[in-house]
file my_file_6.csv (CSV, C-alpha atoms and all ligand atoms)
chain,number,residue,atom,x,y,z
A,8,MET,CA,-16.4,48.9,2.6
A,9,LYS,CA,-13.7,49.9,0.3
A,10,ASP,CA,-12.1,47.4,-2.0
A,11,LEU,CA,-9.1,46.0,0.0
A,12,LYS,CA,-6.9,46.1,-3.1
A,13,SER,CA,-7.4,49.9,-3.4
A,14,LEU,CA,-6.2,50.6,0.2
A,15,PRO,CA,-2.6,51.9,0.7
A,16,LYS,CA,0.0,49.1,1.0
A,17,GLU,CA,1.3,50.5,4.4
A,18,ARG,CA,-1.9,49.1,5.9
A,19,LEU,CA,-0.4,45.7,5.8
A,20,CYS,CA,2.7,44.2,7.3
A,21,LYS,CA,5.1,44.2,4.3
A,22,HIS,CA,6.9,40.9,4.7
A,23,ILE,CA,3.6,39.0,5.4
A,24,ALA,CA,1.8,40.7,2.5
A,25,ALA,CA,4.7,39.7,0.2
A,26,LEU,CA,4.3,36.0,0.9
A,27,PRO,CA,2.9,33.9,-1.9
A,28,LYS,CA,-0.2,31.8,-1.3
A,29,SER,CA,0.5,28.1,-0.7
A,30,GLY,CA,1.1,26.3,-4.1
A,31,ILE,CA,-1.5,23.7,-3.1
A,32,ARG,CA,-4.2,26.4,-2.3
A,33,ASP,CA,-3.2,28.2,-5.5
A,34,PHE,CA,-3.8,25.0,-7.6
A,35,PHE,CA,-7.1,24.2,-5.9
A,36,GLU,CA,-8.3,27.8,-6.5
A,37,LEU,CA,-7.5,27.3,-10.2
A,38,VAL,CA,-9.7,24.2,-10.3
A,39,SER,CA,-12.4,25.2,-7.9
A,40,ASN,CA,-14.7,26.4,-10.6
A,41,MET,CA,-14.5,23.2,-12.6
A,42,ASP,CA,-17.8,21.4,-13.2
A,43,GLY,CA,-18.5,17.9,-11.9
A,44,ASP,CA,-16.3,18.3,-8.8
A,45,ASN,CA,-18.0,15.3,-7.2
A,46,GLU,CA,-16.8,12.8,-9.7
A,47,VAL,CA,-13.2,13.8,-9.1
A,48,ILE,CA,-10.8,11.3,-7.5
A,49,SER,CA,-8.7,13.3,-5.2
A,50,LEU,CA,-5.1,12.3,-4.6
A,51,GLY,CA,-4.4,15.9,-3.7
A,52,VAL,CA,-5.0,16.5,0.0
A,53,GLY,CA,-2.4,15.1,2.4
A,54,GLU,CA,-4.8,13.7,4.9
A,55,PRO,CA,-5.7,10.1,6.1
A,56,ASP,CA,-8.9,8.9,4.6
A,57,PHE,CA,-9.5,6.8,7.8
A,58,VAL,CA,-11.8,8.2,10.4
A,59,THR,CA,-10.0,8.5,13.8
A,60,PRO,CA,-10.3,5.1,15.6
A,61,TRP,CA,-13.4,5.0,17.8
A,62,HIS,CA,-11.7,4.6,21.2
A,63,ILE,CA,-9.9,7.9,20.5
A,64,ARG,CA,-13.1,9.7,19.5
A,65,GLU,CA,-14.9,8.2,22.5
A,66,SER,CA,-12.3,9.6,24.9
A,67,ALA,CA,-12.9,13.1,23.5
A,68,ILE,CA,-16.6,12.6,24.1
A,69,TYR,CA,-16.0,11.4,27.6
A,70,SER,CA,-13.8,14.4,28.3
A,71,ILE,CA,-16.6,16.7,27.5
A,72,GLU,CA,-19.2,14.5,29.2
A,73,LYS,CA,-17.1,14.7,32.4
A,74,GLY,CA,-17.1,18.5,32.2
A,75,HIS,CA,-13.4,18.9,31.4
A,76,THR,CA,-14.2,22.1,29.6
A,77,GLY,CA,-11.6,24.5,31.0
A,78,TYR,CA,-8.1,25.5,30.0
A,79,THR,CA,-5.2,23.1,30.7
A,80,SER,CA,-1.7,24.1,31.7
A,81,ASN,CA,-0.1,26.2,29.0
A,82,LEU,CA,2.4,23.4,28.4
A,83,GLY,CA,-0.5,21.0,28.0
A,84,LEU,CA,-1.9,18.3,30.3
A,85,LEU,CA,1.0,16.9,32.4
A,86,SER,CA,-0.5,13.4,32.0
A,87,LEU,CA,-0.3,13.8,28.2
A,88,ARG,CA,3.3,15.2,28.3
A,89,LYS,CA,4.3,12.2,30.4
A,90,GLU,CA,2.8,9.8,27.9
A,91,ILE,CA,4.6,11.7,25.0
A,92,CYS,CA,7.9,11.4,26.8
A,93,ARG,CA,7.4,7.7,27.5
A,94,TYR,CA,6.6,7.2,23.8
A,95,LEU,CA,9.7,9.1,22.6
A,96,GLU,CA,11.9,7.1,24.9
A,97,SER,CA,10.5,3.7,23.8
A,98,ASP,CA,10.1,4.4,20.1
A,99,TYR,CA,12.7,7.1,19.3
A,100,GLY,CA,15.4,6.6,21.9
A,101,CYS,CA,15.0,10.1,23.2
A,102,ARG,CA,14.7,11.1,26.9
A,103,TYR,CA,12.8,14.3,27.8
A,104,ASN,CA,11.6,15.7,31.0
A,105,PRO,CA,7.8,16.2,30.8
A,106,THR,CA,7.9,19.2,33.1
A,107,ASP,CA,10.1,21.5,31.1
A,108,GLU,CA,11.3,19.8,27.9
A,109,CYS,CA,7.9,19.1,26.3
A,110,ILE,CA,5.1,21.4,25.1
A,111,VAL,CA,1.7,20.4,23.6
A,112,THR,CA,0.7,22.5,20.6
A,113,VAL,CA,-2.1,23.0,18.1
A,114,GLY,CA,-0.7,20.6,15.5
A,115,VAL,CA,2.8,20.3,14.3
A,116,SER,CA,2.0,23.5,12.4
A,117,GLU,CA,2.0,25.5,15.6
A,118,ALA,CA,5.0,23.6,17.0
A,119,PHE,CA,7.0,24.5,13.9
A,120,ASP,CA,5.9,28.1,14.1
A,121,LEU,CA,6.9,28.4,17.8
A,122,ALA,CA,10.2,26.7,17.2
A,123,ILE,CA,11.3,28.8,14.3
A,124,ARG,CA,10.2,32.0,16.1
A,125,ALA,CA,11.9,31.0,19.3
A,126,ILE,CA,15.4,30.5,17.6
A,127,THR,CA,15.5,33.0,14.7
A,128,ASN,CA,17.0,36.4,14.8
A,129,PRO,CA,16.5,38.6,11.7
A,130,GLY,CA,18.9,37.5,9.0
A,131,ASP,CA,19.6,34.1,10.4
A,132,GLU,CA,19.8,31.4,7.7
A,133,ILE,CA,17.7,28.3,8.0
A,134,ILE,CA,18.4,25.4,5.7
A,135,TYR,CA,15.5,23.2,4.7
A,136,ILE,CA,15.3,20.4,2.2
A,137,GLU,CA,13.4,20.8,-1.0
A,138,PRO,CA,11.0,19.6,-2.4
A,139,CYS,CA,9.3,20.0,1.0
A,140,TYR,CA,6.2,20.7,3.0
A,141,VAL,CA,4.6,24.0,1.7
A,142,SER,CA,4.9,25.8,5.1
A,143,TYR,CA,8.6,25.8,5.8
A,144,ASN,CA,9.7,28.6,3.4
A,145,ALA,CA,6.9,30.9,4.5
A,146,GLU,CA,7.3,30.1,8.2
A,147,ILE,CA,11.0,31.0,8.0
A,148,ARG,CA,10.2,34.2,6.2
A,149,MET,CA,7.5,35.1,8.7
A,150,ALA,CA,10.1,34.8,11.5
A,151,LEU,CA,12.4,37.2,9.5
A,152,GLY,CA,14.8,34.4,8.8
A,153,VAL,CA,16.4,33.7,5.5
A,154,PRO,CA,15.2,30.4,3.9
A,155,VAL,CA,18.0,28.4,2.2
A,156,ALA,CA,16.7,25.6,0.1
A,157,LEU,CA,18.8,22.4,-0.2
A,158,GLU,CA,17.6,20.7,-3.3
A,159,THR,CA,17.3,16.9,-3.4
A,160,ARG,CA,17.3,14.8,-6.6
A,161,GLU,CA,15.6,11.7,-7.9
A,162,GLU,CA,18.9,10.1,-8.8
A,163,ASN,CA,19.7,10.2,-5.0
A,164,GLU,CA,16.2,8.9,-4.1
A,165,PHE,CA,15.5,12.5,-2.9
A,166,SER,CA,17.8,11.9,0.0
A,167,VAL,CA,20.3,14.4,1.4
A,168,ASP,CA,23.6,14.8,-0.4
A,169,ILE,CA,26.0,15.6,2.4
A,170,GLU,CA,28.4,17.6,0.2
A,171,ASP,CA,25.5,19.8,-1.0
A,172,LEU,CA,24.5,20.3,2.6
A,173,LYS,CA,28.0,21.4,3.6
A,174,ALA,CA,28.1,23.9,0.7
A,175,LYS,CA,25.0,25.6,2.0
A,176,ILE,CA,26.5,26.3,5.5
A,177,THR,CA,27.7,29.8,6.2
A,178,PRO,CA,28.5,31.6,9.5
A,179,LYS,CA,24.9,32.8,9.5
A,180,THR,CA,23.4,29.3,9.4
A,181,LYS,CA,21.2,28.9,12.5
A,182,ALA,CA,19.3,25.7,11.9
A,183,ILE,CA,18.6,22.8,9.5
A,184,VAL,CA,15.0,21.6,9.1
A,185,LEU,CA,14.7,17.9,8.5
A,186,ASN,CA,11.5,16.0,7.5
A,187,PHE,CA,12.0,12.3,7.0
A,188,PRO,CA,10.0,10.5,5.8
A,189,CYS,CA,9.5,13.5,3.5
A,190,ASN,CA,6.4,15.2,2.3
A,191,PRO,CA,6.1,15.2,-0.8
A,192,THR,CA,8.8,12.6,-1.9
A,193,GLY,CA,8.5,9.9,0.7
A,194,ALA,CA,12.3,9.8,0.9
A,195,THR,CA,14.2,8.9,4.1
A,196,ILE,CA,17.9,9.1,5.1
A,197,ASP,CA,20.0,6.2,6.3
A,198,MET,CA,22.0,5.9,9.5
A,199,GLU,CA,25.3,7.0,7.9
A,200,GLN,CA,23.7,10.2,6.5
A,201,MET,CA,22.0,10.9,9.9
A,202,LYS,CA,25.4,10.6,11.6
A,203,ARG,CA,27.1,12.9,9.1
A,204,ILE,CA,24.3,15.6,9.5
A,205,ALA,CA,24.7,15.3,13.3
A,206,GLU,CA,28.5,15.8,13.0
A,207,ILE,CA,28.0,18.9,10.8
A,208,ALA,CA,25.5,20.3,13.3
A,209,ILE,CA,27.9,19.9,16.2
A,210,GLU,CA,30.9,21.2,14.2
A,211,HIS,CA,29.1,24.4,13.2
A,212,ASP,CA,26.9,24.8,16.3
A,213,ILE,CA,23.7,24.4,14.3
A,214,ILE,CA,20.2,23.6,15.7
A,215,ILE,CA,18.4,20.7,14.1
A,216,MET,CA,14.6,21.0,13.8
A,217,THR,CA,13.3,17.5,13.0
A,218,ASP,CA,9.7,17.2,11.9
A,219,GLU,CA,8.9,13.6,12.6
A,220,ILE,CA,5.2,13.8,11.6
A,221,TYR,CA,5.4,10.8,9.3
A,222,SER,CA,7.9,8.7,11.3
A,223,GLU,CA,5.5,5.9,12.2
A,224,LEU,CA,4.6,5.6,8.5
A,225,THR,CA,7.9,4.2,7.6
A,226,TYR,CA,7.7,1.0,5.4
A,227,GLU,CA,11.3,0.0,5.3
A,228,LYS,CA,13.8,-0.1,8.1
A,229,ARG,CA,12.8,2.6,10.7
A,230,LEU,CA,15.7,4.5,12.3
A,231,PRO,CA,15.8,6.2,15.7
A,232,SER,CA,15.5,10.0,15.7
A,233,ILE,CA,18.5,12.1,15.0
A,234,ALA,CA,17.7,13.7,18.4
A,235,SER,CA,18.8,10.4,20.0
A,236,LEU,CA,22.4,10.5,18.6
A,237,PRO,CA,25.2,11.5,21.0
A,238,GLY,CA,25.5,15.3,21.5
A,239,MET,CA,22.3,16.0,19.7
A,240,LYS,CA,19.6,16.3,22.4
A,241,GLU,CA,20.9,19.7,23.4
A,242,ARG,CA,20.7,21.0,19.8
A,243,CYS,CA,17.6,19.3,18.5
A,244,ILE,CA,14.0,20.4,18.5
A,245,PHE,CA,11.8,17.3,18.0
A,246,LEU,CA,8.5,18.1,16.4
A,247,HIS,CA,5.7,15.6,16.2
A,248,GLY,CA,1.9,15.1,16.4
A,249,PHE,CA,-1.1,13.0,15.9
A,250,SER,CA,-2.5,14.1,12.6
A,251,LYS,CA,-1.1,11.5,10.2
A,252,ALA,CA,-0.2,8.1,11.9
A,253,PHE,CA,-3.2,8.3,14.3
A,254,ALA,CA,-5.6,9.9,11.7
A,255,MET,CA,-6.3,12.8,13.9
A,256,THR,CA,-5.9,15.9,11.7
A,257,GLY,CA,-9.0,17.6,12.9
A,258,PHE,CA,-8.1,17.2,16.6
A,259,ARG,CA,-5.1,19.6,16.0
A,260,ILE,CA,-2.7,18.2,18.5
A,261,GLY,CA,1.1,18.3,18.1
A,262,TYR,CA,4.1,18.7,20.4
A,263,ALA,CA,7.7,19.8,20.6
A,264,CYS,CA,10.4,18.4,22.8
A,265,GLY,CA,13.9,19.8,23.2
A,266,PRO,CA,16.2,21.8,25.5
A,267,ALA,CA,14.4,23.6,28.4
A,268,ASP,CA,15.6,27.1,27.2
A,269,ILE,CA,14.1,26.6,23.8
A,270,ILE,CA,10.9,24.9,25.0
A,271,GLY,CA,10.6,27.8,27.6
A,272,THR,CA,10.9,30.4,24.8
A,273,MET,CA,8.4,28.6,22.6
A,274,MET,CA,6.1,28.5,25.6
A,275,LYS,CA,6.1,32.3,25.9
A,276,ILE,CA,4.8,32.7,22.3
A,277,HIS,CA,2.3,29.9,22.9
A,278,GLN,CA,1.1,31.4,26.2
A,279,TYR,CA,0.5,34.8,24.7
A,280,SER,CA,-1.2,33.5,21.5
A,281,MET,CA,-2.9,30.1,22.0
A,282,MET,CA,-2.9,29.6,25.8
A,283,CYS,CA,-3.3,25.9,25.3
A,284,ALA,CA,-4.5,23.3,22.9
A,285,SER,CA,-8.1,22.0,23.2
A,286,THR,CA,-8.7,20.0,26.4
A,287,ALA,CA,-10.8,17.3,24.9
A,288,ALA,CA,-8.4,16.8,22.0
A,289,GLN,CA,-5.5,16.5,24.5
A,290,GLU,CA,-7.3,13.8,26.3
A,291,ALA,CA,-8.0,12.0,23.0
A,292,ALA,CA,-4.3,12.2,22.2
A,293,GLU,CA,-3.4,10.6,25.5
A,294,GLU,CA,-5.7,7.8,24.7
A,295,ALA,CA,-4.1,7.4,21.2
A,296,LEU,CA,-0.7,7.0,22.8
A,297,LYS,CA,-1.9,4.6,25.5
A,298,ASN,CA,-4.0,2.3,23.3
A,299,GLY,CA,-3.7,3.3,19.7
A,300,ARG,CA,-0.7,1.4,18.5
A,301,LYS,CA,-2.6,-1.6,17.0
A,302,ASN,CA,-4.9,0.6,14.9
A,303,MET,CA,-2.0,2.7,13.8
A,304,GLU,CA,-0.1,-0.3,12.6
A,305,LYS,CA,-3.1,-1.6,10.7
A,306,MET,CA,-3.4,1.7,8.9
A,307,ARG,CA,0.3,1.7,8.1
A,308,GLU,CA,0.0,-1.8,6.6
A,309,GLU,CA,-3.0,-0.6,4.5
A,310,TYR,CA,-1.0,2.4,3.3
A,311,ARG,CA,1.9,0.0,2.3
A,312,GLN,CA,-0.4,-2.0,0.1
A,313,ARG,CA,-1.8,1.1,-1.5
A,314,ARG,CA,1.7,2.5,-2.1
A,315,ASN,CA,2.7,-0.7,-3.9
A,316,VAL,CA,-0.3,-0.6,-6.2
A,317,MET,CA,0.2,3.1,-7.0
A,318,VAL,CA,3.9,2.9,-7.7
A,319,LYS,CA,3.4,-0.2,-9.9
A,320,GLY,CA,0.6,1.5,-11.8
A,321,PHE,CA,2.7,4.6,-12.5
A,322,ASN,CA,5.7,2.7,-13.6
A,323,GLU,CA,3.5,0.5,-15.9
A,324,ALA,CA,2.0,3.7,-17.3
A,325,GLY,CA,5.5,4.8,-18.2
A,326,LEU,CA,5.9,7.4,-15.4
A,327,LYS,CA,9.1,6.6,-13.6
A,328,CYS,CA,8.2,6.4,-9.9
A,329,PHE,CA,10.6,6.1,-7.0
A,330,LEU,CA,9.4,3.7,-4.3
A,331,PRO,CA,8.7,6.0,-1.3
A,332,ARG,CA,10.1,4.7,2.0
A,333,GLY,CA,7.5,6.4,4.1
A,334,ALA,CA,4.7,9.0,4.5
A,335,PHE,CA,1.7,8.5,2.2
A,336,TYR,CA,2.8,10.2,-1.0
A,337,THR,CA,4.3,9.1,-4.3
A,338,PHE,CA,6.3,11.6,-6.4
A,339,PRO,CA,6.3,10.2,-10.0
A,340,SER,CA,8.3,11.9,-12.7
A,341,ILE,CA,6.1,13.3,-15.5
A,342,LYS,CA,9.1,14.5,-17.5
A,343,SER,CA,8.6,11.9,-20.3
A,344,THR,CA,5.2,13.5,-21.1
A,345,GLY,CA,6.8,16.8,-22.1
A,346,LEU,CA,4.3,18.7,-20.0
A,347,SER,CA,5.1,21.0,-17.1
A,348,SER,CA,3.9,19.8,-13.6
A,349,LYS,CA,1.1,22.3,-13.6
A,350,GLU,CA,0.0,21.5,-17.2
A,351,PHE,CA,0.0,17.8,-16.3
A,352,ALA,CA,-2.0,18.3,-13.1
A,353,LEU,CA,-4.5,20.6,-14.8
A,354,ARG,CA,-5.0,18.4,-17.9
A,355,PHE,CA,-5.2,15.2,-15.8
A,356,LEU,CA,-7.9,16.8,-13.7
A,357,GLU,CA,-9.8,18.3,-16.6
A,358,GLU,CA,-9.6,15.3,-18.9
A,359,HIS,CA,-9.7,12.4,-16.5
A,360,LYS,CA,-11.0,13.9,-13.2
A,361,VAL,CA,-8.1,12.9,-11.0
A,362,ALA,CA,-6.6,15.6,-8.7
A,363,VAL,CA,-2.8,15.5,-8.1
A,364,ILE,CA,-0.6,18.4,-7.0
A,365,PRO,CA,2.1,19.9,-9.3
A,366,GLY,CA,5.5,19.2,-7.8
A,367,THR,CA,6.4,22.9,-8.0
A,368,ALA,CA,4.0,23.6,-5.1
A,369,PHE,CA,6.8,22.0,-3.0
A,370,GLY,CA,9.7,24.1,-4.4
A,371,LYS,CA,11.3,24.9,-7.7
A,372,CYS,CA,13.0,21.6,-8.0
A,373,GLY,CA,9.6,19.9,-7.9
A,374,GLU,CA,9.2,20.8,-11.6
A,375,GLY,CA,8.8,17.6,-13.6
A,376,TYR,CA,7.0,15.7,-10.8
A,377,VAL,CA,3.5,15.5,-9.3
A,378,ARG,CA,2.6,14.6,-5.8
A,379,CYS,CA,-0.1,11.9,-5.4
A,380,CYS,CA,-1.4,11.0,-2.0
A,381,TYR,CA,-2.3,7.3,-1.4
A,382,ALA,CA,-4.2,8.0,1.8
A,383,ALA,CA,-7.2,7.3,-0.5
A,384,SER,CA,-9.3,4.1,-0.9
A,385,MET,CA,-7.8,1.2,-2.8
A,386,GLU,CA,-10.7,1.3,-5.2
A,387,ASN,CA,-10.0,5.0,-6.0
A,388,ILE,CA,-6.2,4.3,-6.3
A,389,LYS,CA,-6.8,1.5,-8.8
A,390,GLU,CA,-9.2,3.6,-10.8
A,391,ALA,CA,-6.8,6.6,-10.7
A,392,VAL,CA,-3.9,4.4,-11.9
A,393,ARG,CA,-6.2,3.0,-14.7
A,394,ARG,CA,-6.9,6.6,-15.8
A,395,ILE,CA,-3.3,7.6,-15.7
A,396,GLY,CA,-2.5,4.9,-18.2
A,397,ILE,CA,-5.1,6.2,-20.6
A,398,PHE,CA,-3.9,9.8,-20.1
A,399,VAL,CA,-0.2,9.1,-20.7
A,400,ASN,CA,-1.1,7.0,-23.8
A,401,SER,CA,-3.2,9.8,-25.2
A,402,LEU,CA,-0.3,12.2,-24.9
A,403,LYS,CA,1.8,10.0,-27.2
A,404,LYS,CA,-0.6,10.4,-30.1
B,501,LIG,C1,5.8,17.7,6.9
B,501,LIG,C2,4.6,18.2,7.6
B,501,LIG,N1,4.7,18.8,8.8
B,501,LIG,C3,3.7,19.4,9.4
B,501,LIG,C4,2.4,19.2,9.0
B,501,LIG,C5,1.2,19.8,9.7
B,501,LIG,O1,0.7,18.9,10.6
B,501,LIG,P1,-0.4,19.2,11.7
B,501,LIG,O2,-1.7,18.7,11.2
B,501,LIG,O3,0.0,18.4,12.9
B,501,LIG,O4,-0.4,20.7,11.9
B,501,LIG,C6,2.2,18.5,7.7
B,501,LIG,C7,0.8,18.4,7.2
B,501,LIG,O5,0.6,18.0,6.0
B,501,LIG,C8,3.3,18.0,7.1
B,501,LIG,O6,3.2,17.3,5.9

call {"tool": "encode", "arguments": {"input": "my_file_6.csv", "output": "structure tokens"}}
result
Amino acid sequence: MKDLKSLPKERLCKHIAALPKSGIRDFFELVSNMDGDNEVISLGVGEPDFVTPWHIRESAIYSIEKGHTGYTSNLGLLSLRKEICRYLESDYGCRYNPTDECIVTVGVSEAFDLAIRAITNPGDEIIYIEPCYVSYNAEIRMALGVPVALETREENEFSVDIEDLKAKITPKTKAIVLNFPCNPTGATIDMEQMKRIAEIAIEHDIIIMTDEIYSELTYEKRLPSIASLPGMKERCIFLHGFSKAFAMTGFRIGYACGPADIIGTMMKIHQYSMMCASTAAQEAAEEALKNGRKNMEKMREEYRQRRNVMVKGFNEAGLKCFLPRGAFYTFPSIKSTGLSSKEFALRFLEEHKVAVIPGTAFGKCGEGYVRCCYAASMENIKEAVRRIGIFVNSLKK
């Protein structure tokens, strides 16, 4: 076969071919050839280190044992959708009809993709908050929308500055993507900010896409969803899933709830591309909602302890670290070391065998920071923090 690079460009879809690789992938490719990989402590990957609780795994086994091996409804099992809607009503203050306002997807990743494609016409502007999850910018571009980054800053605890948000709005603004608690900063917004964002959305007729994947992993006061505020249900797409709080990344189950016209349009894409999410995984997700709360709360308490140890360790090492309110990431400033984010991450890995992600993987304004995931064992976190102290000290000499 011919070398792919030598083939004419027209062979590929131009706007997809032009997309950069994810900054996280990019970083790991750089380091993949390093020796002694198995001694590395990874604070890189954003994935729970807990195995999915046994009762959830068992329900997937039973599903297969019972011979539930066919497709489900394209929207997902009705029993799961009912459970999801009950959960959103009790925990988020949002009421949805399981028959036409809820769709089960292959992770939040697919839910986000369907939502952005269902609402975006070419040239529509989509505002998203940076630093942010690596997929948002690329997803918007794949849908032929125009990504508009709203930068957040450490001095505001990486929360939304409402005046900055207003300045980004134009007649072409179609939607605002929110993700609180935020990957990578762990920031949240307060009730006042949430209300202001809702007012702006109503005033300018803007859709809100709220990615609530880390919502259960909130360590301070947890707020209801923005979708529950007056006048918001009809303009909000609520995106959520089981990967993080229920430690179910490999099951690949997410969902979206929102107005029936939007969910119906998302359903068309899903129907023609995915058909449905895995049946056994859907049954496991139903079990997670019915009986998984206790385990989820235990994991959250464990993450809280780990967060506290990591933040204290970074601050003691002289890296200013904002106390994240949720998710399982810290985002310490490494500006005092004089290194760039990438240099810091590479040298820390090479010299001390700890993997962290350069902040720039999450947007330009992530320069000067690194993302460290504390969904790692306490033992590894303590050791990583010890090594960071040694590394930072060595840079002073
Ligand atoms: C903010 C955010 N949204 C969505 C996802 C994707 O989640 P899922 O595993 O449900 O596809 C992630 C995964 O890291 C994430 O951090």

call {"tool": "residues_near_point", "arguments": {"input": "my_file_6.csv", "point": "(7.6, 14.7, 0.3)", "cutoff": "7 Å", "atoms": "all atoms listed in the file", "output": "short mmCIF file (atom, residue, chain, number, x, y, z; two decimals) with C-alpha atoms, in the coordinates of the input"}}
result
data_model
loop_
_atom_site.label_atom_id
_atom_site.label_comp_id
_atom_site.auth_asym_id
_atom_site.auth_seq_id
_atom_site.Cartn_x
_atom_site.Cartn_y
_atom_site.Cartn_z
CA PRO A 138 11.00 19.60 -2.40
CA CYS A 139 9.30 20.00 1.00
CA TYR A 140 6.20 20.70 3.00
CA CYS A 189 9.50 13.50 3.50
CA ASN A 190 6.40 15.20 2.30
CA PRO A 191 6.10 15.20 -0.80
CA THR A 192 8.80 12.60 -1.90
CA GLY A 193 8.50 9.90 0.70
CA ALA A 194 12.30 9.80 0.90
CA TYR A 336 2.80 10.20 -1.00
#

call {"tool": "residues_around", "arguments": {"input": "my_file_6.csv", "residues": "Ala150 in chain A", "least_positions_apart": "6", "cutoff": "10 Å", "atoms": "only C-alpha atoms", "output": "PDB file with C-alpha atoms, in the coordinates of the input"}}
result
ATOM      1  CA  HIS A  22       6.900  40.900   4.700  1.00  0.00           C
ATOM      2  CA  ILE A  23       3.600  39.000   5.400  1.00  0.00           C
ATOM      3  CA  ASP A 120       5.900  28.100  14.100  1.00  0.00           C
ATOM      4  CA  LEU A 121       6.900  28.400  17.800  1.00  0.00           C
ATOM      5  CA  ALA A 122      10.200  26.700  17.200  1.00  0.00           C
ATOM      6  CA  ILE A 123      11.300  28.800  14.300  1.00  0.00           C
ATOM      7  CA  ARG A 124      10.200  32.000  16.100  1.00  0.00           C
ATOM      8  CA  ALA A 125      11.900  31.000  19.300  1.00  0.00           C
ATOM      9  CA  ILE A 126      15.400  30.500  17.600  1.00  0.00           C
ATOM     10  CA  THR A 127      15.500  33.000  14.700  1.00  0.00           C
ATOM     11  CA  ASN A 128      17.000  36.400  14.800  1.00  0.00           C
ATOM     12  CA  PRO A 129      16.500  38.600  11.700  1.00  0.00           C
ATOM     13  CA  GLY A 130      18.900  37.500   9.000  1.00  0.00           C
ATOM     14  CA  ASP A 131      19.600  34.100  10.400  1.00  0.00           C
TER      15      ASP A 131
END

call {"tool": "closest_atom_pairs", "arguments": {"input": "my_file_6.csv", "of": "chain A", "to": "ligand LIG 501 (chain B)", "cutoff": "8 Å", "atoms": "all atoms listed in the file", "output": "JSON lines"}}
result
{"residue": "A:Gly53", "atom": "CA", "partner": "B:LIG501", "partner_atom": "O5", "distance": 5.5}
{"residue": "A:Glu54", "atom": "CA", "partner": "B:LIG501", "partner_atom": "O5", "distance": 7.0}
{"residue": "A:Val113", "atom": "CA", "partner": "B:LIG501", "partner_atom": "O4", "distance": 6.8}
{"residue": "A:Gly114", "atom": "CA", "partner": "B:LIG501", "partner_atom": "O3", "distance": 3.5}
{"residue": "A:Val115", "atom": "CA", "partner": "B:LIG501", "partner_atom": "O3", "distance": 3.7}
{"residue": "A:Ser116", "atom": "CA", "partner": "B:LIG501", "partner_atom": "O4", "distance": 3.7}
{"residue": "A:Glu117", "atom": "CA", "partner": "B:LIG501", "partner_atom": "O4", "distance": 6.5}
{"residue": "A:Ala118", "atom": "CA", "partner": "B:LIG501", "partner_atom": "O4", "distance": 8.0}
{"residue": "A:Phe119", "atom": "CA", "partner": "B:LIG501", "partner_atom": "C3", "distance": 7.6}
{"residue": "A:Cys139", "atom": "CA", "partner": "B:LIG501", "partner_atom": "C1", "distance": 7.2}
{"residue": "A:Tyr140", "atom": "CA", "partner": "B:LIG501", "partner_atom": "C1", "distance": 4.9}
{"residue": "A:Ser142", "atom": "CA", "partner": "B:LIG501", "partner_atom": "C3", "distance": 7.8}
{"residue": "A:Asn186", "atom": "CA", "partner": "B:LIG501", "partner_atom": "C1", "distance": 6.0}
{"residue": "A:Cys189", "atom": "CA", "partner": "B:LIG501", "partner_atom": "C1", "distance": 6.5}
{"residue": "A:Asn190", "atom": "CA", "partner": "B:LIG501", "partner_atom": "O6", "distance": 5.3}
{"residue": "A:Pro191", "atom": "CA", "partner": "B:LIG501", "partner_atom": "O6", "distance": 7.6}
{"residue": "A:Asp218", "atom": "CA", "partner": "B:LIG501", "partner_atom": "N1", "distance": 6.1}
{"residue": "A:Glu219", "atom": "CA", "partner": "B:LIG501", "partner_atom": "C1", "distance": 7.7}
{"residue": "A:Ile220", "atom": "CA", "partner": "B:LIG501", "partner_atom": "N1", "distance": 5.8}
{"residue": "A:Tyr221", "atom": "CA", "partner": "B:LIG501", "partner_atom": "C1", "distance": 7.3}
{"residue": "A:His247", "atom": "CA", "partner": "B:LIG501", "partner_atom": "O3", "distance": 7.2}
{"residue": "A:Gly248", "atom": "CA", "partner": "B:LIG501", "partner_atom": "O3", "distance": 5.2}
{"residue": "A:Phe249", "atom": "CA", "partner": "B:LIG501", "partner_atom": "O3", "distance": 6.3}
{"residue": "A:Ser250", "atom": "CA", "partner": "B:LIG501", "partner_atom": "O2", "distance": 4.9}
{"residue": "A:Lys251", "atom": "CA", "partner": "B:LIG501", "partner_atom": "O2", "distance": 7.3}
{"residue": "A:Met255", "atom": "CA", "partner": "B:LIG501", "partner_atom": "O2", "distance": 8.0}
{"residue": "A:Thr256", "atom": "CA", "partner": "B:LIG501", "partner_atom": "O2", "distance": 5.1}
{"residue": "A:Gly257", "atom": "CA", "partner": "B:LIG501", "partner_atom": "O2", "distance": 7.6}
{"residue": "A:Arg259", "atom": "CA", "partner": "B:LIG501", "partner_atom": "O2", "distance": 6.0}
{"residue": "A:Ile260", "atom": "CA", "partner": "B:LIG501", "partner_atom": "O3", "distance": 6.2}
{"residue": "A:Gly261", "atom": "CA", "partner": "B:LIG501", "partner_atom": "O3", "distance": 5.3}

call {"tool": "closest_residue", "arguments": {"input": "my_file_6.csv", "among": "A:Val184, A:Ala205, A:Ala25, A:Leu172", "to": "Ile147 in chain A", "atoms": "all atoms listed in the file"}}
result
A:Val184

call {"tool": "atom_distance", "arguments": {"input": "my_file_6.csv", "atom1": "CA of Glu290 in chain A", "atom2": "CA of Cys264 in chain A"}}
result
18.6 Å

call {"tool": "closest_residue", "arguments": {"input": "my_file_6.csv", "among": "A:Tyr143, A:Tyr103, A:Phe165, A:Phe253", "to": "Asn298 in chain A", "atoms": "only C-alpha atoms"}}
result
A:Phe253
